[in-house]
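**Q** Attaching a single structure in structure tokens format; questions to follow.
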Amino acid sequence: MEHWADGGQTSLANAVLLCGHHHRHLHHSDWTVRLAGDGHPEFVPPAWLDPEQLPRRNHYHRRT
């Protein structure tokens with residue numbers, strides 16, 4: 001994901017739907033978000049929190 005202010009495209013391929021709190025948190029912290037190969041977002045914690053920086057997913061709204 002690349003923020004539009006940094007030259008990112010405004011497109012569905014470069015977008016993740018977040019609530020306001022988590023949107024601001026991503027912009028003001030060392031967390032990053034990316035789309036995995038299956039098109040689902042993954043959230044990568046900063047190295048100080050998880051030295052391996054294993055991606056995390058929100059499975060709460062998961063569709064089967």
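Scheme for the structure tokens: letters A, B, ... for chains in order shown; per-chain residue numbers from 1; ligand numbers from 1 in order shown.
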What lies within 9 Å of Ala15 of chain A using only C-alpha atoms, ignoring chain neighbours under 6 positions off, as a PyMOL selection string?

**A** chain A and resi 1-3+9+35

**Q** If we count only C-alpha atoms and set the cut-off at 10 Å, which residues sit around Pro45 of chain A, ignoring sequence neighbours fewer than 3 positions away in its own chain? Please answer as a ChimeraX atom specification.

**A** /A:29-33,42,48-56

**Q** Expressed in Å to a single decimal, how great is the separation between atom CA of Cys19 of chain A and atom CA of Ala47 of chain A?

**A**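 That distance, rounded to one decimal, is 23.9 Å.
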
**Q** Could you go through segment 10-45 of chain A and tell me which residues DSSP, when run on the backbone, assigns to helix (DSSP H, G or I), listing them as a list in words?

**A** Leu12, Ala13, Asn14, Gly20, His21, His22, His23, Arg24, His25, Leu26 and His27 of chain A

**Q** Near His40 of chain A, counting only C-alpha atoms, which residues have an atom at most 9 Å away, once you skip same-chain residues fewer than 5 positions from it, shown as number ranges by chain?

**A** A: 16, 34-35, 57

**Q** Can you tell me, as a list in words, which residues in chain A count as strand (DSSP E) by DSSP?

**A**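 Reading the DSSP output for chain A, strand (DSSP E) covers Thr32, Val33, Arg34, Leu35, Pro41, Glu42, Phe43 and Val44 of chain A.
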